[in-house]
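> Just one file: target.txt, with compact mmCIF, C-alpha atoms and all ligand atoms.
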```txt
# COMPACT_ATOMS: atom_id res chain seq x y z
CA MET F 1 -14.42 12.82 -26.97
CA GLY F 2 -13.12 9.47 -28.31
CA ARG F 3 -12.94 6.14 -26.51
CA VAL F 4 -12.35 6.69 -22.77
CA GLY F 5 -10.71 4.24 -20.37
CA VAL F 6 -10.10 4.29 -16.62
CA LEU F 7 -7.19 2.28 -15.23
CA LEU F 8 -7.70 1.37 -11.56
CA LEU F 9 -4.40 0.56 -9.85
CA ASN F 10 -4.09 -1.62 -6.79
CA LEU F 11 -1.56 -3.86 -5.10
CA GLY F 12 -3.12 -7.27 -5.82
CA GLY F 13 -3.36 -10.24 -3.51
CA PRO F 14 -3.07 -14.03 -3.75
CA ASP F 15 -6.32 -15.67 -4.91
CA LYS F 16 -5.42 -18.98 -3.21
CA LEU F 17 -2.86 -20.33 -0.75
CA GLU F 18 -0.48 -21.63 -3.48
CA ASP F 19 -0.24 -18.06 -4.84
CA VAL F 20 1.13 -16.65 -1.56
CA GLY F 21 4.82 -17.54 -2.20
CA PRO F 22 5.02 -16.19 -5.77
CA PHE F 23 2.97 -13.11 -4.78
CA LEU F 24 5.39 -12.33 -1.93
CA TYR F 25 8.36 -12.88 -4.27
CA ASN F 26 6.91 -10.31 -6.70
CA LEU F 27 6.31 -7.86 -3.85
CA PHE F 28 9.78 -8.13 -2.33
CA SER F 29 11.41 -7.97 -5.80
CA ASP F 30 10.19 -4.38 -6.06
CA PRO F 31 12.93 -1.87 -5.18
CA GLU F 32 10.19 0.52 -3.97
CA ILE F 33 9.34 -2.01 -1.23
CA ILE F 34 12.86 -3.09 -0.30
CA ARG F 35 15.55 -0.58 -1.09
CA LEU F 36 18.99 -2.06 -1.68
CA PRO F 37 22.25 -0.45 -2.76
CA PHE F 38 22.83 -3.13 -5.43
CA ARG F 39 20.20 -4.14 -8.01
CA TRP F 40 21.64 -7.66 -8.36
CA LEU F 41 20.85 -8.40 -4.70
CA GLN F 42 17.14 -7.70 -5.17
CA LYS F 43 16.00 -11.07 -6.59
CA PRO F 44 18.04 -13.39 -4.28
CA LEU F 45 16.93 -11.39 -1.26
CA ALA F 46 13.30 -11.31 -2.46
CA TRP F 47 13.42 -15.09 -2.81
CA PHE F 48 14.94 -15.45 0.68
CA ILE F 49 12.44 -13.13 2.45
CA ALA F 50 9.45 -14.54 0.53
CA SER F 51 10.44 -18.13 1.40
CA ARG F 52 10.76 -17.22 5.08
CA ARG F 53 7.43 -15.37 5.19
CA THR F 54 5.27 -17.67 3.06
CA ARG F 55 4.16 -20.06 5.85
CA THR F 56 3.09 -17.29 8.29
CA SER F 57 1.42 -15.34 5.54
CA GLN F 58 -0.46 -18.46 4.35
CA GLU F 59 -1.70 -19.02 7.92
CA ASN F 60 -3.10 -15.47 7.86
CA TYR F 61 -4.77 -15.93 4.46
CA LYS F 62 -6.25 -19.24 5.76
CA GLN F 63 -8.01 -17.24 8.49
CA ILE F 64 -9.78 -15.10 5.87
CA GLY F 65 -10.96 -17.99 3.67
CA GLY F 66 -7.74 -19.01 1.89
CA GLY F 67 -7.12 -15.98 -0.33
CA SER F 68 -7.42 -12.24 -0.77
CA PRO F 69 -10.79 -10.69 -1.70
CA LEU F 70 -8.96 -7.73 -3.26
CA ARG F 71 -9.48 -8.72 -6.92
CA ARG F 72 -13.19 -9.43 -6.49
CA ILE F 73 -13.80 -6.14 -4.64
CA THR F 74 -11.68 -4.07 -7.06
CA GLU F 75 -13.60 -5.53 -10.01
CA ALA F 76 -16.91 -4.77 -8.28
CA GLN F 77 -15.71 -1.18 -7.68
CA GLY F 78 -14.83 -0.97 -11.39
CA GLN F 79 -18.30 -2.18 -12.43
CA ALA F 80 -20.03 0.26 -10.06
CA LEU F 81 -17.81 3.10 -11.31
CA LYS F 82 -18.66 2.26 -14.94
CA GLU F 83 -22.38 2.42 -14.11
CA GLN F 84 -22.07 5.71 -12.23
CA LEU F 85 -20.01 7.29 -15.03
CA SER F 86 -22.61 6.16 -17.57
CA HIS F 87 -25.33 7.65 -15.35
CA LEU F 88 -23.41 10.96 -15.47
CA GLY F 89 -23.23 10.75 -19.26
CA GLN F 90 -19.62 9.53 -19.52
CA GLU F 91 -19.19 6.12 -21.13
CA ALA F 92 -15.87 4.48 -20.19
CA LYS F 93 -14.15 1.10 -20.18
CA ILE F 94 -12.67 0.17 -16.82
CA TYR F 95 -9.39 -1.75 -16.46
CA VAL F 96 -7.84 -3.19 -13.30
CA GLY F 97 -4.03 -3.21 -13.07
CA MET F 98 -2.52 -4.92 -10.03
CA ARG F 99 1.12 -4.38 -9.14
CA TYR F 100 2.09 -7.84 -7.80
CA TRP F 101 -0.63 -10.30 -8.86
CA ASN F 102 -3.36 -11.02 -11.40
CA PRO F 103 -4.65 -9.11 -13.28
CA TYR F 104 -1.21 -7.51 -13.71
CA THR F 105 -0.79 -3.86 -14.79
CA GLU F 106 1.05 -5.05 -17.92
CA GLU F 107 -2.03 -7.10 -18.98
CA ALA F 108 -4.35 -4.14 -18.41
CA ILE F 109 -2.09 -1.94 -20.56
CA ALA F 110 -2.02 -4.56 -23.34
CA GLN F 111 -5.85 -4.61 -23.29
CA ILE F 112 -5.99 -0.79 -23.33
CA THR F 113 -3.89 -0.65 -26.53
CA GLN F 114 -5.93 -3.47 -28.09
CA ASP F 115 -9.16 -1.55 -27.36
CA ASN F 116 -7.71 1.60 -28.99
CA ILE F 117 -8.42 3.73 -25.95
CA GLU F 118 -7.83 7.41 -26.79
CA HIS F 119 -8.27 9.09 -23.39
CA LEU F 120 -7.14 7.32 -20.24
CA VAL F 121 -7.51 8.28 -16.58
CA ILE F 122 -5.02 6.53 -14.27
CA LEU F 123 -6.61 6.25 -10.83
CA PRO F 124 -4.73 4.50 -7.98
CA LEU F 125 -7.05 2.96 -5.39
CA TYR F 126 -4.91 4.44 -2.62
CA PRO F 127 -6.30 7.76 -1.33
CA GLN F 128 -2.84 8.90 -0.16
CA PHE F 129 0.36 8.77 -2.19
CA SER F 130 3.29 6.62 -1.06
CA ILE F 131 6.38 5.73 -3.05
CA SER F 132 5.69 2.11 -2.01
CA THR F 133 2.16 1.96 -3.49
CA SER F 134 0.99 4.50 -6.13
CA GLY F 135 4.63 5.53 -6.68
CA SER F 136 5.65 1.98 -7.52
CA SER F 137 2.76 1.56 -10.00
CA PHE F 138 3.55 4.95 -11.63
CA ARG F 139 7.18 3.96 -12.07
CA LEU F 140 6.14 0.72 -13.75
CA LEU F 141 3.74 2.60 -16.05
CA GLU F 142 6.42 5.16 -16.88
CA LYS F 143 8.69 2.30 -17.96
CA LEU F 144 5.92 0.71 -20.08
CA TRP F 145 5.25 4.08 -21.74
CA GLN F 146 8.93 4.53 -22.52
CA GLU F 147 9.23 1.05 -24.02
CA ASP F 148 6.03 0.79 -26.08
CA PRO F 149 5.47 3.18 -29.02
CA LYS F 150 1.81 2.02 -29.25
CA LEU F 151 1.14 3.85 -25.96
CA GLN F 152 2.42 7.22 -27.21
CA PRO F 153 -0.82 8.40 -28.89
CA ILE F 154 -2.93 7.78 -25.75
CA ASP F 155 -3.92 11.05 -24.13
CA TYR F 156 -3.61 10.03 -20.48
CA THR F 157 -3.75 11.78 -17.13
CA VAL F 158 -2.75 10.58 -13.66
CA ILE F 159 -4.51 11.28 -10.34
CA PRO F 160 -1.57 11.06 -7.91
CA SER F 161 -3.65 11.14 -4.69
CA TRP F 162 -7.19 12.12 -3.81
CA TYR F 163 -7.62 11.99 -0.02
CA LYS F 164 -9.16 15.49 -0.06
CA GLU F 165 -12.01 14.48 -2.41
CA PRO F 166 -15.23 15.60 -0.62
CA GLY F 167 -17.21 12.46 -1.59
CA TYR F 168 -14.50 10.20 -0.17
CA LEU F 169 -14.44 12.18 3.10
CA GLN F 170 -18.24 12.05 3.20
CA ALA F 171 -18.28 8.26 2.66
CA MET F 172 -15.70 7.77 5.44
CA ALA F 173 -17.67 10.03 7.80
CA GLU F 174 -20.92 8.15 7.07
CA LEU F 175 -19.27 4.77 7.65
CA ILE F 176 -17.78 5.97 10.96
CA ALA F 177 -21.07 7.52 12.13
CA GLN F 178 -22.90 4.27 11.33
CA GLU F 179 -20.45 2.32 13.51
CA LEU F 180 -20.55 4.87 16.38
CA GLU F 181 -24.33 4.48 16.51
CA GLN F 182 -23.86 0.82 17.50
CA PHE F 183 -22.50 1.91 20.91
CA PRO F 184 -24.74 2.94 23.85
CA ASN F 185 -22.81 6.26 24.21
CA PRO F 186 -21.62 7.19 20.70
CA ASP F 187 -19.85 10.42 21.78
CA GLU F 188 -17.72 8.53 24.32
CA VAL F 189 -16.24 6.13 21.75
CA HIS F 190 -12.55 6.58 20.95
CA ILE F 191 -11.98 6.81 17.16
CA PHE F 192 -8.76 5.00 16.25
CA PHE F 193 -7.37 5.69 12.75
CA SER F 194 -5.08 2.85 11.72
CA ALA F 195 -3.02 3.73 8.65
CA HIS F 196 -0.76 1.29 6.85
CA GLY F 197 2.81 1.95 7.98
CA VAL F 198 5.91 2.54 5.86
CA PRO F 199 9.57 2.58 6.96
CA LYS F 200 10.41 5.93 8.58
CA SER F 201 13.30 6.39 6.12
CA TYR F 202 10.80 6.62 3.22
CA VAL F 203 9.47 9.82 4.73
CA GLU F 204 12.63 11.23 6.30
CA GLU F 205 15.21 10.32 3.65
CA ALA F 206 13.25 9.68 0.45
CA GLY F 207 10.73 12.50 0.91
CA ASP F 208 7.60 10.34 0.76
CA PRO F 209 4.61 12.70 1.35
CA TYR F 210 2.63 9.74 2.76
CA GLN F 211 2.74 10.67 6.47
CA GLN F 212 1.73 14.26 5.83
CA GLU F 213 -1.16 13.13 3.57
CA ILE F 214 -2.33 10.61 6.18
CA GLU F 215 -2.29 13.24 8.94
CA GLU F 216 -4.19 15.73 6.79
CA CYS F 217 -6.67 13.06 5.71
CA THR F 218 -7.36 12.11 9.35
CA ALA F 219 -8.00 15.76 10.25
CA LEU F 220 -10.32 16.22 7.23
CA ILE F 221 -12.35 13.09 8.08
CA MET F 222 -12.75 14.29 11.70
CA GLN F 223 -13.82 17.70 10.40
CA THR F 224 -16.38 16.11 8.04
CA LEU F 225 -17.64 13.83 10.81
CA ASN F 226 -18.13 16.87 13.04
CA ARG F 227 -18.53 14.96 16.32
CA PRO F 228 -16.88 15.52 19.72
CA ASN F 229 -15.10 12.12 19.92
CA ALA F 230 -11.45 11.80 20.93
CA HIS F 231 -9.25 10.28 18.24
CA THR F 232 -5.82 8.70 17.70
CA LEU F 233 -3.73 7.99 14.60
CA ALA F 234 -1.35 5.02 14.53
CA TYR F 235 0.42 2.87 11.92
CA GLN F 236 -0.08 -0.86 11.34
CA SER F 237 1.43 -3.81 9.44
CA ARG F 238 5.13 -3.30 10.12
CA VAL F 239 7.36 -5.83 8.30
CA GLY F 240 11.07 -6.40 9.01
CA PRO F 241 13.54 -5.01 11.54
CA VAL F 242 13.82 -1.31 10.55
CA GLU F 243 11.87 1.47 12.24
CA TRP F 244 8.50 2.32 10.63
CA LEU F 245 6.25 5.32 11.21
CA GLN F 246 5.15 5.54 14.83
CA PRO F 247 3.15 5.10 16.98
CA TYR F 248 2.59 1.46 16.07
CA THR F 249 -1.08 0.42 16.22
CA GLU F 250 -0.36 -2.33 18.73
CA ASP F 251 1.40 0.03 21.18
CA ALA F 252 -1.23 2.75 20.80
CA LEU F 253 -4.03 0.26 21.56
CA LYS F 254 -2.22 -0.92 24.72
CA GLU F 255 -1.71 2.67 25.81
CA LEU F 256 -5.40 3.55 25.34
CA GLY F 257 -6.41 0.40 27.23
CA ALA F 258 -4.09 1.40 30.10
CA LYS F 259 -5.74 4.85 30.15
CA GLY F 260 -9.12 3.19 30.66
CA VAL F 261 -10.63 3.42 27.16
CA LYS F 262 -13.35 0.77 26.90
CA ASP F 263 -15.19 1.65 23.67
CA LEU F 264 -13.15 1.93 20.50
CA VAL F 265 -13.82 2.00 16.80
CA VAL F 266 -10.97 1.35 14.33
CA VAL F 267 -10.95 3.22 11.02
CA PRO F 268 -8.68 1.65 8.38
CA ILE F 269 -7.48 4.74 6.58
CA SER F 270 -5.07 3.70 3.80
CA PHE F 271 -7.36 1.15 2.17
CA VAL F 272 -10.57 1.38 0.17
CA SER F 273 -11.24 -2.38 0.04
CA GLU F 274 -11.37 -5.17 2.57
CA HIS F 275 -8.24 -7.31 2.44
CA ILE F 276 -5.90 -9.22 4.71
CA GLU F 277 -4.88 -6.18 6.74
CA THR F 278 -8.47 -5.30 7.66
CA LEU F 279 -9.98 -8.81 7.88
CA GLN F 280 -7.11 -10.58 9.59
CA GLU F 281 -4.77 -8.02 11.11
CA ILE F 282 -7.34 -5.59 12.54
CA ASP F 283 -10.33 -7.89 13.05
CA ILE F 284 -8.37 -10.77 14.58
CA GLU F 285 -4.89 -9.69 15.78
CA TYR F 286 -5.55 -6.11 16.93
CA ARG F 287 -8.92 -7.07 18.42
CA GLU F 288 -7.05 -9.57 20.63
CA VAL F 289 -4.48 -6.92 21.65
CA ALA F 290 -7.26 -4.44 22.45
CA GLU F 291 -9.30 -6.92 24.47
CA GLU F 292 -6.24 -7.95 26.49
CA ALA F 293 -5.63 -4.25 27.18
CA GLY F 294 -9.17 -3.92 28.57
CA ILE F 295 -10.85 -2.36 25.51
CA HIS F 296 -13.93 -4.56 25.64
CA ASN F 297 -16.08 -2.94 22.97
CA PHE F 298 -13.95 -3.09 19.86
CA ARG F 299 -15.53 -2.46 16.46
CA ARG F 300 -14.16 -1.72 13.02
CA VAL F 301 -15.47 0.59 10.32
CA PRO F 302 -15.84 -1.28 6.99
CA ALA F 303 -13.66 -0.20 4.07
CA PRO F 304 -15.59 1.94 1.54
CA ASN F 305 -15.71 -0.98 -0.99
CA THR F 306 -18.73 -0.19 -3.22
CA HIS F 307 -20.45 2.34 -0.91
CA PRO F 308 -22.46 4.53 -3.35
CA VAL F 309 -21.10 7.83 -1.94
CA PHE F 310 -17.57 6.51 -2.41
CA ILE F 311 -18.25 5.31 -5.97
CA ASN F 312 -19.75 8.74 -6.77
CA ALA F 313 -16.51 10.27 -5.47
CA LEU F 314 -14.46 8.07 -7.82
CA ALA F 315 -16.73 9.07 -10.74
CA ASP F 316 -16.28 12.78 -9.87
CA LEU F 317 -12.51 12.30 -9.78
CA VAL F 318 -12.57 10.73 -13.26
CA ILE F 319 -14.83 13.40 -14.76
CA ASN F 320 -12.74 16.25 -13.33
CA ALA F 321 -9.52 14.58 -14.50
CA LEU F 322 -10.89 14.41 -18.06
CA LYS F 323 -11.74 18.14 -17.93
CA ASN F 324 -8.54 19.41 -16.29
CA PRO F 325 -5.07 19.75 -17.85
CA SER F 326 -3.37 16.36 -17.85
CA PHE F 327 -0.91 15.28 -15.18
CA LYS F 328 1.89 13.10 -16.55
CA LEU F 329 3.63 10.04 -15.11
CA SER F 330 6.95 11.88 -15.23
CA GLN F 331 5.44 14.56 -12.94
CA ALA F 332 4.04 11.94 -10.56
CA ALA F 333 7.36 10.08 -10.42
CA GLN F 334 9.35 13.33 -10.19
CA MET F 335 8.39 13.88 -6.55
CA LYS F 336 10.61 10.97 -5.71
CA LYS F 337 13.44 11.68 -8.12
CA MET F 338 14.02 15.10 -6.61
CA VAL F 339 15.14 13.63 -3.31
CA LYS F 340 18.28 11.74 -2.39
CA MET F 341 17.63 8.06 -1.69
CA TYR F 342 20.96 7.20 -0.12
CA PRO F 343 23.29 9.41 1.90
CA GLN F 344 26.67 10.56 0.58
CA GLU F 345 28.59 7.87 -1.32
CA GLY F 346 32.06 8.81 -0.02
CA TRP F 347 33.53 7.12 3.05
CA GLU F 348 33.69 9.04 6.33
CA TRP F 349 35.24 7.75 9.54
CA GLY F 350 33.22 7.55 12.74
CA LEU F 351 29.59 6.68 13.42
CA THR F 352 28.31 8.62 10.44
CA THR F 353 25.34 7.82 8.19
CA SER F 354 27.80 7.06 5.42
CA ALA F 355 29.66 4.54 7.60
CA GLU F 356 26.35 2.92 8.53
CA VAL F 357 25.40 2.57 4.88
CA TRP F 358 28.75 0.97 4.04
CA ASN F 359 28.51 -1.34 7.06
CA GLY F 360 25.06 -2.37 5.84
CA ARG F 361 26.35 -3.00 2.32
CA ILE F 362 29.27 -5.14 3.54
CA ALA F 363 26.99 -7.06 5.93
CA MET F 364 24.55 -7.67 3.07
CA LEU F 365 27.34 -9.03 0.84
CA GLY F 366 28.45 -11.38 3.61
CA PHE F 367 24.86 -12.46 4.18
CA ILE F 368 24.28 -13.26 0.48
CA ALA F 369 27.60 -15.17 0.33
CA LEU F 370 26.44 -17.23 3.34
CA ILE F 371 23.07 -18.03 1.74
CA ILE F 372 24.75 -19.10 -1.52
CA GLU F 373 27.19 -21.24 0.46
CA LEU F 374 24.38 -22.90 2.44
CA ILE F 375 22.53 -23.69 -0.79
CA THR F 376 25.45 -24.86 -2.92
CA GLY F 377 27.56 -26.46 -0.18
CA HIS F 378 30.69 -24.71 -1.53
CA GLY F 379 32.49 -21.59 -0.35
CA PHE F 380 34.90 -19.97 2.07
CA LEU F 381 33.39 -21.38 5.30
CA HIS F 382 33.54 -24.93 3.88
CA MET F 383 37.12 -24.29 2.74
CA ILE F 384 38.28 -23.33 6.25
CA GLY F 385 36.27 -26.17 7.81
CA LEU F 386 33.62 -24.10 9.64
CA LEU F 387 30.85 -25.68 7.53
CA GLN F 388 30.73 -29.26 6.28
C1 LIG W 401 7.65 -4.75 3.36
C2 LIG W 401 7.16 -3.60 3.06
C3 LIG W 401 5.79 -3.18 2.79
C4 LIG W 401 5.41 -1.86 2.62
C5 LIG W 401 6.30 -0.64 2.69
C6 LIG W 401 4.01 -1.86 2.36
C7 LIG W 401 3.24 -0.71 2.15
C8 LIG W 401 1.87 -0.71 1.90
N1 LIG W 401 1.06 -1.78 1.59
C9 LIG W 401 -0.22 -1.37 1.41
C10 LIG W 401 -1.33 -2.15 1.06
C11 LIG W 401 -1.33 -3.55 0.92
N2 LIG W 401 -0.32 -4.40 1.31
C12 LIG W 401 -0.69 -5.70 1.01
C13 LIG W 401 0.04 -6.84 1.27
C14 LIG W 401 1.35 -6.86 1.74
N3 LIG W 401 2.18 -5.78 1.95
C15 LIG W 401 3.43 -6.20 2.42
C16 LIG W 401 4.54 -5.41 2.72
C17 LIG W 401 4.60 -4.00 2.63
N4 LIG W 401 3.56 -3.15 2.37
C18 LIG W 401 3.34 -7.64 2.51
C19 LIG W 401 4.47 -8.52 2.98
C20 LIG W 401 2.07 -8.03 2.08
C21 LIG W 401 1.53 -9.45 1.97
C22 LIG W 401 0.68 -9.83 3.13
C23 LIG W 401 1.54 -10.24 4.30
O1 LIG W 401 2.29 -11.21 4.21
O2 LIG W 401 1.45 -9.53 5.31
C24 LIG W 401 -2.00 -5.68 0.39
C25 LIG W 401 -2.74 -6.90 -0.18
C26 LIG W 401 -3.43 -7.66 0.90
C27 LIG W 401 -4.26 -8.81 0.43
O3 LIG W 401 -5.44 -8.88 0.78
O4 LIG W 401 -3.74 -9.70 -0.23
C28 LIG W 401 -2.39 -4.35 0.34
C29 LIG W 401 -3.68 -3.81 -0.23
C30 LIG W 401 -0.24 0.04 1.63
C31 LIG W 401 -1.49 0.90 1.54
C32 LIG W 401 1.05 0.45 1.94
C33 LIG W 401 1.61 1.78 2.26
C34 LIG W 401 1.02 2.89 2.29
FE FE W 402 1.56 -3.80 2.00
FE FE W 403 1.04 -4.84 4.80
```
Now, as a test, write the supplied structure out as structure tokens.
Ligand SMILES: C=CC1=C(C)c2cc3[nH]c(cc4nc(cc5[nH]c(cc1n2)c(C)c5CCC(=O)O)C(CCC(=O)O)=C4C)c(C)c3C=C
Ligand SMILES: [Fe+2]
Ligand SMILES: [Fe+2]


Amino acid sequence: MGRVGVLLLNLGGPDKLEDVGPFLYNLFSDPEIIRLPFRWLQKPLAWFIASRRTRTSQENYKQIGGGSPLRRITEAQGQALKEQLSHLGQEAKIYVGMRYWNPYTEEAIAQITQDNIEHLVILPLYPQFSISTSGSSFRLLEKLWQEDPKLQPIDYTVIPSWYKEPGYLQAMAELIAQELEQFPNPDEVHIFFSAHGVPKSYVEEAGDPYQQEIEECTALIMQTLNRPNAHTLAYQSRVGPVEWLQPYTEDALKELGAKGVKDLVVVPISFVSEHIETLQEIDIEYREVAEEAGIHNFRRVPAPNTHPVFINALADLVINALKNPSFKLSQAAQMKKMVKMYPQEGWEWGLTTSAEVWNGRIAMLGFIALIIELITGHGFLHMIGLLQ
């Protein structure tokens, strides 16, 4: 086999507080994160939402040391994976490609071509597939592959999701067991799986398999753990006004507190590295919610990070991917293309989905016109004297 590379995909996070604004702008510019009927609205709206969120988000990053540890941990995972692959007799170069911050996916791809990699395994560091995470990175890679003839000779394969990988389930079970043992009555502890949320429409309208994969993953971890504990699955990190997958973590914690649960261990299930949503959101915000609800013994299971069993699982995934028939980006992105993103385009009277979509589009146009008018000081509202 010729030169082998492994491309680890992740979301990326701001290294320092000044990066937060531009990082958020990149994130909200992605149509897989905010879906709009018109492409031209994407950038102005991304700028608007990012500007409004930057201060709050910076406050959160301040609480975890002024930046995201995601790059450092992902690079450490890459180094550990390289060593484990070498130990198994497979030499490989590891590349990190972040979607919204340094090191960007585009830079990783440029390095891969420069290094003349012949066989490439594309491994997203998200155990479950979502159109907003792995899907977004696959779409970007598909575009890069279409545009760059130098990428054509690379024999690549994609691992779309890997939440069933036995080593990953084993690592999660070990990490949970370790945390349960910190309680006086381990079997009485409530195990609380907190998955990252996505808007409900991703699953119900766009056909995102994310919820189904999360539910299956939770069941498989409980099966691997093989303990009698009660458990709950809820969804965290909602952003914006639309409905996301339910139950929300905050509500589920309050409900368990009201039912008298006192000992609880949170398992972050969509992440394999510590980052803002584990260190700040769970450890600080949700801990406070839980304690107020009467859950006095609140602990969190660490993310797998560089746990050796987890790294072995990643190495097994890479080795199997190199042996098996390749899975192409077009196949990975196809899942999404097969489903309808927006309801029927034609107008229908009444309170129909179509009418709601058109109402939303008209409201959005009005909203953008207002923003432009507030910035430039010129426009219809100034003309009729409502703004000065
Ligand atoms: C607005 C929509 C968002 C969706 C949908 C979403 C899905 C999603 N995200 C992750 C993992 C991560 N998200 C991170 C940061 C982050 N994500 C959003 C928004 C959405 N995420 C925002 C606004 C931010 C910035 C932080 C903030 O202001 O709250 C990160 C990086 C965290 C870091 O340490 O920097 C990760 C990782 C998953 C797994 C997911 C859906 C399955
Ligand atoms: Fe996110
Ligand atoms: Fe988030």

> Enumerate residues in contact with ligand FE 403 (chain W): an atom-to-atom distance of at most 7 Å, counting only C-alpha atoms and all ligand atoms. Format the result as a PyMOL selection string.

chain F and resi 196+237-238+277

> Could you turn the residues from that selection into a file that holds C-alpha atoms, as a PDB file, in the coordinates of the input?


```
ATOM      1  CA  HIS F 196      -0.760   1.290   6.850  1.00  0.00           C
ATOM      2  CA  SER F 237       1.430  -3.810   9.440  1.00  0.00           C
ATOM      3  CA  ARG F 238       5.130  -3.300  10.120  1.00  0.00           C
ATOM      4  CA  GLU F 277      -4.880  -6.180   6.740  1.00  0.00           C
TER       5      GLU F 277
END
```

> Taking (-9.4, 1.2, 28.1) in the file's coordinates, which residues come within 10 Å, counting only C-alpha atoms, written as a list in words?

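Protein, DNA and RNA residues close to (-9.4, 1.2, 28.1): His190, Leu253, Lys254, Glu255, Leu256, Gly257, Ala258, Lys259, Gly260, Val261, Lys262, Asp263, Leu264, Ala290, Glu291, Glu292, Ala293, Gly294, Ile295, His296 and Asn297 of chain F.
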
> Name the residues in contact with stretch 6-16 of chain F at a cut-off of 7 Å, using all atoms listed in the file, excluding same-chain residues fewer than 4 positions from it; report them as a list in words.

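Answer for this query is Val20, Phe23, Gly66, Gly67, Ser68, Leu70, Arg71, Ala92, Lys93, Ile94, Tyr95, Val96, Gly97, Met98, Arg99, Tyr100, Trp101, Asn102, Leu120, Val121, Ile122, Leu123, Pro124 and Leu125 of chain F.
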
> What separation in Å, quoted to one decimal, exists between atom CA of F:Glu250 and atom O4 of ligand LIG 401 (chain W)?

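Atom-to-atom, atom CA of F:Glu250 and atom O4 of ligand LIG 401 (chain W) are spaced 20.6 Å apart.
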
> Enter the distance from atom CA of F:Asn26 to atom CA of F:Tyr235, in Å, rounded to one decimal.

23.7 Å

> Counting all atoms listed in the file, which residue out of F:Leu279, F:Ala321, F:Ile33, F:Val266 sits closest to ligand LIG 401 (chain W)?

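Smallest separation from ligand LIG 401 (chain W) among the options: F:Ile33.
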
> Pick from F:Gly207, F:Pro199, F:Gly21, F:Pro103: nearest to ligand LIG 401 (chain W), with all atoms listed in the file counted?

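With all atoms listed in the file as the atom set, the closest residue is F:Pro199.
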
> What is the atom C15 of ligand LIG 401 (chain W)-atom CA of F:Phe129 distance in Å, reported with one decimal?

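Between atom C15 of ligand LIG 401 (chain W) and atom CA of F:Phe129 the gap is 16.0 Å.
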
> Around (-3.3, 0.9, 17.4), as given in the file, which residues come within 8 Å? Count only C-alpha atoms and list them as a PDB file with C-alpha atoms, in the coordinates of the input.


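This went into out29.pdb:
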```pdb
ATOM      1  CA  PHE F 192      -8.760   5.000  16.250  1.00  0.00           C
ATOM      2  CA  PHE F 193      -7.370   5.690  12.750  1.00  0.00           C
ATOM      3  CA  SER F 194      -5.080   2.850  11.720  1.00  0.00           C
ATOM      4  CA  LEU F 233      -3.730   7.990  14.600  1.00  0.00           C
ATOM      5  CA  ALA F 234      -1.350   5.020  14.530  1.00  0.00           C
ATOM      6  CA  TYR F 235       0.420   2.870  11.920  1.00  0.00           C
ATOM      7  CA  GLN F 236      -0.080  -0.860  11.340  1.00  0.00           C
ATOM      8  CA  PRO F 247       3.150   5.100  16.980  1.00  0.00           C
ATOM      9  CA  TYR F 248       2.590   1.460  16.070  1.00  0.00           C
ATOM     10  CA  THR F 249      -1.080   0.420  16.220  1.00  0.00           C
ATOM     11  CA  GLU F 250      -0.360  -2.330  18.730  1.00  0.00           C
ATOM     12  CA  ASP F 251       1.400   0.030  21.180  1.00  0.00           C
ATOM     13  CA  ALA F 252      -1.230   2.750  20.800  1.00  0.00           C
ATOM     14  CA  LEU F 253      -4.030   0.260  21.560  1.00  0.00           C
ATOM     15  CA  LYS F 254      -2.220  -0.920  24.720  1.00  0.00           C
ATOM     16  CA  TYR F 286      -5.550  -6.110  16.930  1.00  0.00           C
TER      17      TYR F 286
END
```

> From the options F:Ile282, F:Ile319, F:Ile221, F:Leu41, which residue's atoms come nearest to F:Pro302, counting all atoms listed in the file?

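Under the stated criterion, the closest residue is F:Ile282.
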
> Contacts of F:Ala177 at 12 Å or less, counting all atoms listed in the file, minus same-chain residues fewer than 5 places along, as a list in words?

Gln170, Ala171, Met172, Gln182, Phe183, Pro186, Asp187, Val189, Ile191, Ile221, Met222, Thr224, Leu225, Asn226, Arg227, Pro228, Asn229, Val265, Val267, Arg300, Val301 and Pro302 of chain F

> Which residue gives the smallest distance to F:Ser270 among F:Glu142, F:Glu32, F:Glu213, F:Glu107, with only C-alpha atoms counted?

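Of F:Glu142, F:Glu32, F:Glu213, F:Glu107, the one nearest F:Ser270, counting only C-alpha atoms, is F:Glu213.
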
> Tell me which protein, DNA and RNA residues are within 9 Å of F:Ile49, counting all atoms listed in the file, leaving out same-chain ones fewer than 4 positions away, and put them as number ranges by chain.

F: 24-25, 28, 44-45, 53-54

> Which residue gives the smallest distance to ligand LIG 401 (chain W) among F:Glu274, F:Glu188, F:Glu288, F:Asp316, with all atoms listed in the file counted?

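When distances to ligand LIG 401 (chain W) are compared using all atoms listed in the file, the smallest one comes from F:Glu274.
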